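Enquirer: This is work_24.csv, which holds CSV, C-alpha atoms:
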chain,number,residue,atom,x,y,z
R,1,MET,CA,-6.2,12.1,-17.8
R,2,ARG,CA,-3.4,14.5,-17.0
R,3,THR,CA,0.1,13.1,-17.8
R,4,ILE,CA,2.6,13.2,-15.0
R,5,LYS,CA,6.0,11.9,-15.8
R,6,LYS,CA,7.2,8.7,-14.1
R,7,LEU,CA,9.7,5.9,-14.3
R,8,THR,CA,8.9,2.4,-15.6
R,9,LEU,CA,9.6,0.1,-12.7
R,10,ALA,CA,6.5,-2.1,-12.3
R,11,ASN,CA,5.2,-4.9,-14.6
R,12,LEU,CA,2.0,-3.2,-15.7
R,13,PRO,CA,-0.8,-3.8,-16.4
R,14,THR,CA,-1.4,-6.2,-13.5
R,15,PRO,CA,-4.1,-8.8,-14.3
R,16,VAL,CA,-7.7,-8.9,-13.1
R,17,GLU,CA,-8.9,-12.4,-12.2
R,18,LYS,CA,-12.3,-13.9,-11.6
R,19,HIS,CA,-12.6,-16.1,-8.5
R,20,LYS,CA,-15.2,-17.8,-6.3
R,21,PHE,CA,-15.3,-18.1,-2.6
R,22,ASN,CA,-18.1,-19.2,-0.2
R,23,GLY,CA,-20.3,-19.5,-3.2
R,24,CYS,CA,-19.8,-15.9,-4.3
R,25,THR,CA,-18.1,-14.9,-7.7
R,26,PHE,CA,-16.0,-11.8,-7.6
R,27,TYR,CA,-13.0,-10.0,-9.2
R,28,ILE,CA,-9.5,-9.4,-7.8
R,29,LYS,CA,-7.0,-6.8,-9.3
R,30,ARG,CA,-3.7,-8.5,-8.8
R,31,ASP,CA,-1.3,-5.7,-7.8
R,32,ASP,CA,0.7,-8.2,-6.0
R,33,LEU,CA,2.0,-9.2,-9.4
R,34,SER,CA,3.5,-5.8,-10.2
R,35,GLY,CA,6.9,-7.5,-9.9
R,36,PHE,CA,8.7,-10.0,-7.6
R,37,GLU,CA,11.1,-8.0,-5.5
R,38,LEU,CA,9.0,-4.9,-6.2
R,39,SER,CA,5.7,-6.7,-5.6
R,40,GLY,CA,2.7,-4.7,-4.4
R,41,ASN,CA,1.0,-1.4,-4.7
R,42,LYS,CA,3.9,0.8,-3.5
R,43,ILE,CA,5.9,0.5,-6.7
R,44,ARG,CA,3.2,2.4,-8.6
R,45,LYS,CA,3.8,5.4,-6.3
R,46,LEU,CA,7.5,5.0,-6.4
R,47,GLU,CA,7.6,5.3,-10.2
R,48,TYR,CA,6.7,9.0,-9.7
R,49,LEU,CA,8.6,9.7,-6.5
R,50,LEU,CA,11.9,8.2,-7.6
R,51,LEU,CA,11.9,10.1,-10.9
R,52,ASP,CA,11.4,13.2,-8.8
R,53,ALA,CA,14.3,12.2,-6.6
R,54,LYS,CA,16.5,11.6,-9.7
R,55,GLN,CA,15.6,15.0,-11.2
R,56,LYS,CA,16.5,16.7,-7.9
R,57,LYS,CA,19.9,15.0,-8.0
R,58,ALA,CA,19.4,13.0,-4.8
R,59,ASP,CA,22.0,10.4,-3.8
R,60,TYR,CA,20.2,9.2,-0.6
R,61,ILE,CA,16.6,8.0,-0.3
R,62,PHE,CA,15.0,8.0,3.1
R,63,THR,CA,11.7,6.4,4.0
R,64,CYS,CA,9.9,4.8,7.0
R,65,GLY,CA,7.5,2.1,8.1
R,66,GLY,CA,7.2,-0.9,10.3
R,67,GLU,CA,10.0,-3.5,10.4
R,68,GLN,CA,8.0,-5.6,7.9
R,69,SER,CA,7.0,-2.6,5.8
R,70,ASN,CA,6.3,-3.5,2.1
R,71,HIS,CA,6.8,0.1,1.2
R,72,ALA,CA,10.3,0.2,2.8
R,73,ARG,CA,11.3,-3.0,1.1
R,74,ALA,CA,10.1,-1.7,-2.3
R,75,THR,CA,11.7,1.7,-1.8
R,76,ALA,CA,15.1,0.1,-0.8
R,77,ILE,CA,15.2,-2.2,-3.8
R,78,ALA,CA,14.0,0.3,-6.4
R,79,SER,CA,16.4,2.9,-5.0
R,80,ALA,CA,19.4,0.6,-5.1
R,81,ALA,CA,18.6,-0.4,-8.6
R,82,LEU,CA,18.6,3.2,-9.6
R,83,GLY,CA,22.0,3.8,-8.0
R,84,LEU,CA,20.6,5.6,-5.0
R,85,LYS,CA,21.4,4.8,-1.4
R,86,PRO,CA,18.4,3.7,0.7
R,87,GLN,CA,18.1,4.5,4.3
R,88,LEU,CA,15.2,3.1,6.3
R,89,PHE,CA,13.7,4.2,9.6
R,90,LEU,CA,11.7,1.3,10.9
R,91,TRP,CA,9.5,0.8,13.9
R,92,GLY,CA,10.8,-2.4,15.4
R,93,LYS,CA,14.0,-4.0,16.4
R,94,GLU,CA,17.0,-5.8,14.8
R,95,ARG,CA,16.6,-9.6,14.5
R,96,LYS,CA,19.4,-12.2,14.6
R,97,ILE,CA,17.9,-13.8,11.5
R,98,PRO,CA,15.8,-11.2,9.7
R,99,GLU,CA,12.8,-12.6,7.8
R,100,GLY,CA,10.3,-11.5,5.2
R,101,ASN,CA,10.7,-7.9,4.0
R,102,LEU,CA,13.4,-7.2,6.6
R,103,PHE,CA,15.6,-9.9,5.1
R,104,LEU,CA,15.3,-8.2,1.7
R,105,ASP,CA,16.1,-4.8,3.3
R,106,HIS,CA,19.3,-6.2,4.7
R,107,LEU,CA,20.2,-8.2,1.5
R,108,ILE,CA,19.9,-5.1,-0.7
R,109,GLY,CA,22.3,-3.2,1.6
R,110,ALA,CA,19.9,-0.6,3.0
R,111,GLU,CA,21.1,1.3,6.1
R,112,ILE,CA,18.5,0.7,8.8
R,113,GLN,CA,17.7,2.7,11.9
R,114,PHE,CA,15.3,0.9,14.2
R,115,LEU,CA,12.9,3.0,16.3
R,116,SER,CA,10.7,2.3,19.3
R,117,LYS,CA,7.0,3.0,18.9
R,118,LYS,CA,7.4,6.2,20.8
R,119,GLU,CA,10.3,7.3,18.6
R,120,TYR,CA,8.4,6.4,15.5
R,121,ASN,CA,5.7,8.9,16.4
R,122,ASN,CA,8.3,11.5,15.6
R,123,VAL,CA,9.8,9.7,12.6
R,124,ASN,CA,9.4,12.6,10.2
R,125,GLU,CA,11.4,14.9,12.5
R,126,ILE,CA,14.1,12.1,12.9
R,127,MET,CA,14.4,11.8,9.1
R,128,ILE,CA,14.7,15.6,8.7
R,129,GLN,CA,17.4,15.8,11.3
R,130,LYS,CA,19.4,13.0,9.6
R,131,LYS,CA,18.8,14.7,6.2
R,132,GLU,CA,20.3,17.9,7.5
R,133,MET,CA,23.3,16.1,8.8
R,134,LEU,CA,24.0,14.4,5.5
R,135,GLU,CA,23.3,17.6,3.5
R,136,ALA,CA,25.9,19.4,5.7
R,137,LYS,CA,28.3,16.9,4.2
R,138,ARG,CA,27.2,17.8,0.6
R,139,HIS,CA,24.9,14.9,0.1
R,140,LYS,CA,21.4,15.3,-1.4
R,141,VAL,CA,18.6,13.5,0.5
R,142,TYR,CA,15.1,12.8,-0.8
R,143,ILE,CA,12.5,11.8,1.7
R,144,VAL,CA,9.8,9.5,0.5
R,145,PRO,CA,6.9,9.7,3.0
R,146,GLU,CA,5.3,6.8,4.8
R,147,GLY,CA,3.7,4.5,2.2
R,148,GLY,CA,4.7,6.9,-0.6
R,149,SER,CA,1.5,8.7,0.2
R,150,SER,CA,2.2,12.2,-1.1
R,151,LEU,CA,0.5,14.5,-3.6
R,152,LEU,CA,2.8,13.2,-6.3
R,153,GLY,CA,2.9,9.5,-5.1
R,154,ILE,CA,-0.9,9.0,-5.3
R,155,TRP,CA,-0.8,9.5,-9.1
R,156,GLY,CA,0.1,5.8,-9.2
R,157,TYR,CA,-3.5,5.1,-8.2
R,158,ILE,CA,-5.1,8.0,-10.0
R,159,ASN,CA,-3.8,6.5,-13.3
R,160,PHE,CA,-4.6,3.0,-12.0
R,161,ILE,CA,-8.2,3.7,-12.7
R,162,ASP,CA,-7.4,4.2,-16.4
R,163,GLU,CA,-5.6,0.8,-16.5
R,164,LEU,CA,-8.5,-0.9,-14.7
R,165,ASN,CA,-11.2,0.7,-16.9
R,166,ILE,CA,-9.6,-0.9,-19.9
R,167,GLN,CA,-9.7,-4.3,-18.3
R,168,LEU,CA,-13.2,-4.1,-16.9
R,169,ASN,CA,-16.3,-2.0,-17.5
R,170,LEU,CA,-16.1,-0.2,-14.2
R,171,LYS,CA,-19.7,1.2,-14.7
R,172,LYS,CA,-20.9,-2.3,-13.7
R,173,PHE,CA,-19.1,-2.0,-10.3
R,174,LYS,CA,-20.3,-0.1,-7.3
R,175,GLY,CA,-17.0,0.1,-5.5
R,176,ILE,CA,-13.4,-0.9,-4.9
R,177,LEU,CA,-12.1,-2.3,-1.6
R,178,THR,CA,-8.5,-2.1,-0.5
R,179,ALA,CA,-6.4,-2.2,2.6
R,180,ALA,CA,-5.4,1.3,3.9
R,181,GLY,CA,-2.1,1.8,5.7
R,182,SER,CA,-1.1,5.4,5.0
R,183,GLY,CA,-4.1,6.2,2.8
R,184,GLY,CA,-2.4,7.0,-0.5
R,185,THR,CA,-3.9,4.1,-2.5
R,186,SER,CA,-7.5,5.0,-1.5
R,187,ALA,CA,-6.9,8.7,-2.1
R,188,GLY,CA,-5.6,8.0,-5.6
R,189,LEU,CA,-8.6,5.8,-6.4
R,190,LEU,CA,-11.0,8.5,-5.3
R,191,VAL,CA,-9.4,11.1,-7.5
R,192,GLY,CA,-9.0,8.7,-10.5
R,193,ALA,CA,-12.6,7.6,-10.4
R,194,LYS,CA,-13.8,11.2,-10.3
R,195,LEU,CA,-11.6,12.2,-13.2
R,196,LYS,CA,-13.2,9.3,-15.2
R,197,GLY,CA,-16.7,10.3,-14.2
R,198,LEU,CA,-17.3,7.1,-12.3
R,199,ASN,CA,-19.4,7.1,-9.2
R,200,LEU,CA,-17.4,4.4,-7.5
R,201,LYS,CA,-17.3,4.0,-3.7
R,202,VAL,CA,-13.9,3.3,-2.2
R,203,PHE,CA,-14.0,1.0,0.8
R,204,ALA,CA,-10.8,1.3,2.9
R,205,VAL,CA,-9.9,-1.3,5.6
R,206,ASN,CA,-7.8,0.6,8.1
R,207,VAL,CA,-5.0,-1.5,9.4
R,208,PHE,CA,-2.9,1.0,11.3
R,209,TYR,CA,-4.4,4.4,12.0
R,210,SER,CA,-7.8,4.9,13.6
R,211,LYS,CA,-10.9,5.4,11.5
R,212,LYS,CA,-10.9,9.2,12.1
R,213,ILE,CA,-7.2,9.7,11.4
R,214,ILE,CA,-7.1,7.6,8.2
R,215,LYS,CA,-10.2,9.2,6.8
R,216,GLU,CA,-8.7,12.7,7.4
R,217,LYS,CA,-5.4,11.5,5.8
R,218,ILE,CA,-7.2,10.2,2.7
R,219,LEU,CA,-9.5,13.2,2.2
R,220,ASN,CA,-6.7,15.7,2.8
R,221,LEU,CA,-4.6,14.0,0.2
R,222,THR,CA,-7.4,14.1,-2.4
R,223,GLU,CA,-8.2,17.8,-1.7
R,224,GLU,CA,-4.6,19.0,-1.8
R,225,CYS,CA,-3.9,16.9,-5.0
R,226,VAL,CA,-6.9,18.5,-6.7
R,227,LYS,CA,-5.7,22.0,-5.7
R,228,LYS,CA,-2.0,21.5,-6.6
R,229,TYR,CA,-2.7,20.0,-10.0
R,230,LYS,CA,-5.7,22.1,-10.8
R,231,LEU,CA,-7.9,19.1,-11.7
R,232,GLY,CA,-11.2,21.0,-11.6
R,233,ILE,CA,-13.1,18.3,-9.7
R,234,GLN,CA,-14.6,18.0,-6.3
R,235,ILE,CA,-14.4,14.8,-4.3
R,236,ASN,CA,-17.5,13.6,-2.5
R,237,PRO,CA,-16.5,12.5,1.0
R,238,ASP,CA,-19.4,10.0,0.9
R,239,ASN,CA,-17.6,8.0,-1.7
R,240,LEU,CA,-15.1,7.0,0.9
R,241,GLU,CA,-16.1,4.4,3.6
R,242,ILE,CA,-13.7,3.3,6.2
R,243,LEU,CA,-14.4,-0.3,7.3
R,244,ASP,CA,-13.2,-0.2,10.8
R,245,GLY,CA,-12.4,-2.9,13.4
R,246,TYR,CA,-10.6,-5.4,11.2
R,247,SER,CA,-7.2,-4.7,12.7
R,248,SER,CA,-8.2,-4.6,16.4
R,249,GLU,CA,-5.4,-7.1,17.3
R,250,GLY,CA,-2.8,-4.6,16.1
R,251,TYR,CA,-0.9,-3.7,13.0
R,252,LYS,CA,1.8,-6.3,13.7
R,253,LYS,CA,-0.6,-9.1,14.7
R,254,ILE,CA,-3.3,-11.2,13.1
R,255,ASP,CA,-5.8,-13.4,14.9
R,256,SER,CA,-6.5,-17.0,14.1
R,257,GLU,CA,-9.9,-16.5,12.6
R,258,LYS,CA,-8.5,-14.3,9.9
R,259,ILE,CA,-5.7,-16.7,9.2
R,260,GLU,CA,-8.3,-19.5,8.7
R,261,VAL,CA,-10.0,-17.5,6.0
R,262,ILE,CA,-6.6,-16.6,4.3
R,263,LYS,CA,-5.6,-20.2,4.3
R,264,SER,CA,-9.0,-21.4,3.0
R,265,PHE,CA,-8.9,-19.0,0.1
R,266,PHE,CA,-5.2,-19.9,-0.6
R,267,LYS,CA,-6.1,-23.6,-0.9
R,268,GLN,CA,-8.9,-22.8,-3.3
R,269,SER,CA,-7.2,-20.2,-5.5
R,270,GLY,CA,-3.4,-20.3,-5.0
R,271,ILE,CA,-3.5,-16.6,-3.9
R,272,LEU,CA,-1.9,-15.8,-0.6
R,273,PHE,CA,-2.7,-12.8,1.5
R,274,ASP,CA,-0.3,-11.2,4.1
R,275,PRO,CA,-1.0,-10.7,7.8
R,276,ALA,CA,-0.9,-6.9,8.0
R,277,TYR,CA,-2.7,-5.6,4.9
R,278,THR,CA,-4.5,-7.8,2.4
R,279,GLY,CA,-5.3,-10.6,4.8
R,280,LYS,CA,-7.3,-8.2,7.0
R,281,ALA,CA,-8.8,-6.5,4.0
R,282,PHE,CA,-9.9,-9.8,2.5
R,283,TYR,CA,-11.4,-10.9,5.8
R,284,ALA,CA,-13.5,-7.7,5.8
R,285,TYR,CA,-14.4,-8.2,2.2
R,286,ASN,CA,-15.5,-11.8,2.8
R,287,GLU,CA,-17.6,-10.9,5.8
R,288,ILE,CA,-19.3,-7.9,4.3
R,289,PHE,CA,-19.5,-8.6,0.5
R,290,LEU,CA,-19.1,-12.3,-0.2
R,291,ASN,CA,-20.9,-14.3,2.5
R,292,LYS,CA,-24.2,-15.7,1.4
R,293,LYS,CA,-24.2,-13.9,-2.0
R,294,LYS,CA,-24.0,-15.1,-5.6
R,295,HIS,CA,-21.8,-12.4,-6.9
R,296,SER,CA,-20.1,-9.2,-5.7
R,297,ASP,CA,-20.1,-5.8,-7.6
R,298,ILE,CA,-17.2,-4.6,-5.3
R,299,LEU,CA,-13.8,-5.2,-6.8
R,300,PHE,CA,-11.1,-6.4,-4.4
R,301,VAL,CA,-7.5,-5.0,-4.9
R,302,HIS,CA,-4.7,-7.3,-3.8
R,303,THR,CA,-2.1,-4.7,-2.8
R,304,GLY,CA,0.7,-7.2,-2.2
R,305,GLY,CA,2.6,-7.9,1.0
R,306,THR,CA,3.3,-11.6,0.5
R,307,PHE,CA,6.9,-11.3,1.9
R,308,GLY,CA,5.3,-10.4,5.2
R,309,VAL,CA,3.9,-14.0,5.4
R,310,PHE,CA,7.3,-15.4,6.0
R,311,ALA,CA,7.7,-13.4,9.2
R,312,LYS,CA,4.6,-15.1,10.5
R,313,LYS,CA,5.2,-18.7,9.5
R,314,LYS,CA,4.4,-20.0,13.0
R,315,ASN,CA,1.0,-18.3,13.0
R,316,TYR,CA,0.1,-19.6,9.5
R,317,LEU,CA,1.2,-23.1,10.2
R,318,SER,CA,-0.2,-23.5,13.7
R,319,ILE,CA,-3.8,-23.3,12.7
So that I can check it, write out the structure of this file as structure tokens.
Expert:
Amino acid sequence: MRTIKKLTLANLPTPVEKHKFNGCTFYIKRDDLSGFELSGNKIRKLEYLLLDAKQKKADYIFTCGGEQSNHARATAIASAALGLKPQLFLWGKERKIPEGNLFLDHLIGAEIQFLSKKEYNNVNEIMIQKKEMLEAKRHKVYIVPEGGSSLLGIWGYINFIDELNIQLNLKKFKGILTAAGSGGTSAGLLVGAKLKGLNLKVFAVNVFYSKKIIKEKILNLTEECVKKYKLGIQINPDNLEILDGYSSEGYKKIDSEKIEVIKSFFKQSGILFDPAYTGKAFYAYNEIFLNKKKHSDILFVHTGGTFGVFAKKKNYLSI
């Protein structure tokens, strides 16, 4: 595997655990245990991106997401710990008492600009405008894209395959399932599996973008990464399957049926899933790959997001 330099920010390797639910035995890769404040999949990408920012002498880090963005929270905390000033552009609104990820964003001292949904559609342009304003004052701004999903960032999940292959014999598995927000995790998995010569299918549960858009984002990332780093491989688009329809209630919402499954698994395993990402992904995983089976040869990746639960306490406790 090609070596790309990175920082050491996450607690790696994260464990793989064997569990049983609805009579089916399966494996979970616990990327929620990559740290506490830095919990989740985003920190793997940030190890590469924030080193790049440091090398480019940045003093400000910009990124974007929803008001409960796990990525924004991880970026803000990791940036502050490295002596960089985090500035977040979030789709949502200020709260009198911020909860979940937003509470941590405030606590770490991130500067936050809230955007309407319409404004967020142009968030990249907004960040570039603000970047130009600060750089006119002799600051250096580094923009981390939504979800850390860039050609450099996805190396976090390209190299994830190496880590996972040491823990499990991946040749015994047919696929890996993960939530897909901006698509970087799925893209990295596709490239990493191909580099290792593994014919693994990546199942992506889209939680924000439409099936068509997220598929394009993922495949574009893989193709451009292969070109930029001259990896000499070709990604088979058939190895990516988007499991659509599991976030029909909206990115910021979760219906009661999904919460019932989340709570049921939590009571059996002690593992809690969030309402935006892993909760919806696990619901899909349970419905498609666990129900009425003895074992699953599809690995589930817990990409974190637990802090988001605390912004939905009423939903979790009312059922």
Enquirer: Just want the 12 Å neighbourhood of Ala78 of chain R, counted on only C-alpha atoms, with same-chain residues fewer than 5 positions away dropped. Output as a VMD selection string.
Expert: chain R and resid 7 to 10 35 to 39 42 to 51 53 61 71 to 73 83 to 86 104 to 105 108 110
Enquirer: Would you mind telling me which residue in R:Ser247, R:Gln87, R:Gln68, R:Thr278 lies nearest to Thr303 of chain R when using only C-alpha atoms?
Expert: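 Of all the options, R:Thr278 lies closest to Thr303 of chain R.
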Enquirer: Which residue gives the smallest distance to Ser186 of chain R among R:Val301, R:Leu164, R:Glu249, R:Ser296, with all atoms listed in the file counted?
Expert: R:Val301
Enquirer: Would you pick out the contacts of Phe89 of chain R at 12 Å or less, using all atoms listed in the file, so that residues sharing its chain but fewer than 5 positions from it are not included, and give the list as a count of residues only?
Expert: 40
Enquirer: Figure out the distance between atom CA of Gly175 of chain R and atom CA of Glu257 of chain R, please, to one decimal in Å.
Expert: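 Separation of atom CA of Glu257 of chain R and atom CA of Gly175 of chain R: 25.6 Å.
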Enquirer: Report as a PyMOL selection string all protein, DNA and RNA residues lying within 9 Å of Ile242 of chain R, evaluated on all atoms listed in the file, omitting residues in the same chain fewer than 2 positions from it.
Expert: chain R and resi 180+202-206+211-212+214-215+240+244
Enquirer: One number please: atom CA of Gln167 of chain R to atom CA of Ile154 of chain R, in Å, one decimal.
Expert: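 So the answer is 20.6 Å.
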Enquirer: Using all atoms listed in the file, which residue out of R:Gly92, R:Ser149, R:Glu224, R:Thr3 lies closest to Lys252 of chain R?
Expert: R:Gly92
Enquirer: Using Å and a single decimal, report how far atom CA of Lys313 of chain R sits from atom CA of Ser256 of chain R.
Expert: 12.7 Å
Enquirer: Step by step: start from the point (-11.8, 8.0, -2.3) in the file's coordinates, keep every protein, DNA or RNA residue that has an atom no farther than 12 Å from it, count only C-alpha atoms, and write the set as a short mmCIF file (atom, residue, chain, number, x, y, z; two decimals) with C-alpha atoms, in the coordinates of the input.
Expert:
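Okay, result23.cif is ready:
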data_model
loop_
_atom_site.label_atom_id
_atom_site.label_comp_id
_atom_site.auth_asym_id
_atom_site.auth_seq_id
_atom_site.Cartn_x
_atom_site.Cartn_y
_atom_site.Cartn_z
CA ILE R 154 -0.90 9.00 -5.30
CA TYR R 157 -3.50 5.10 -8.20
CA ILE R 158 -5.10 8.00 -10.00
CA ILE R 161 -8.20 3.70 -12.70
CA GLY R 175 -17.00 0.10 -5.50
CA ILE R 176 -13.40 -0.90 -4.90
CA LEU R 177 -12.10 -2.30 -1.60
CA THR R 178 -8.50 -2.10 -0.50
CA ALA R 180 -5.40 1.30 3.90
CA GLY R 183 -4.10 6.20 2.80
CA GLY R 184 -2.40 7.00 -0.50
CA THR R 185 -3.90 4.10 -2.50
CA SER R 186 -7.50 5.00 -1.50
CA ALA R 187 -6.90 8.70 -2.10
CA GLY R 188 -5.60 8.00 -5.60
CA LEU R 189 -8.60 5.80 -6.40
CA LEU R 190 -11.00 8.50 -5.30
CA VAL R 191 -9.40 11.10 -7.50
CA GLY R 192 -9.00 8.70 -10.50
CA ALA R 193 -12.60 7.60 -10.40
CA LYS R 194 -13.80 11.20 -10.30
CA LEU R 195 -11.60 12.20 -13.20
CA LEU R 198 -17.30 7.10 -12.30
CA ASN R 199 -19.40 7.10 -9.20
CA LEU R 200 -17.40 4.40 -7.50
CA LYS R 201 -17.30 4.00 -3.70
CA VAL R 202 -13.90 3.30 -2.20
CA PHE R 203 -14.00 1.00 0.80
CA ALA R 204 -10.80 1.30 2.90
CA ILE R 214 -7.10 7.60 8.20
CA LYS R 215 -10.20 9.20 6.80
CA GLU R 216 -8.70 12.70 7.40
CA LYS R 217 -5.40 11.50 5.80
CA ILE R 218 -7.20 10.20 2.70
CA LEU R 219 -9.50 13.20 2.20
CA ASN R 220 -6.70 15.70 2.80
CA LEU R 221 -4.60 14.00 0.20
CA THR R 222 -7.40 14.10 -2.40
CA GLU R 223 -8.20 17.80 -1.70
CA GLN R 234 -14.60 18.00 -6.30
CA ILE R 235 -14.40 14.80 -4.30
CA ASN R 236 -17.50 13.60 -2.50
CA PRO R 237 -16.50 12.50 1.00
CA ASP R 238 -19.40 10.00 0.90
CA ASN R 239 -17.60 8.00 -1.70
CA LEU R 240 -15.10 7.00 0.90
CA GLU R 241 -16.10 4.40 3.60
CA ILE R 242 -13.70 3.30 6.20
#
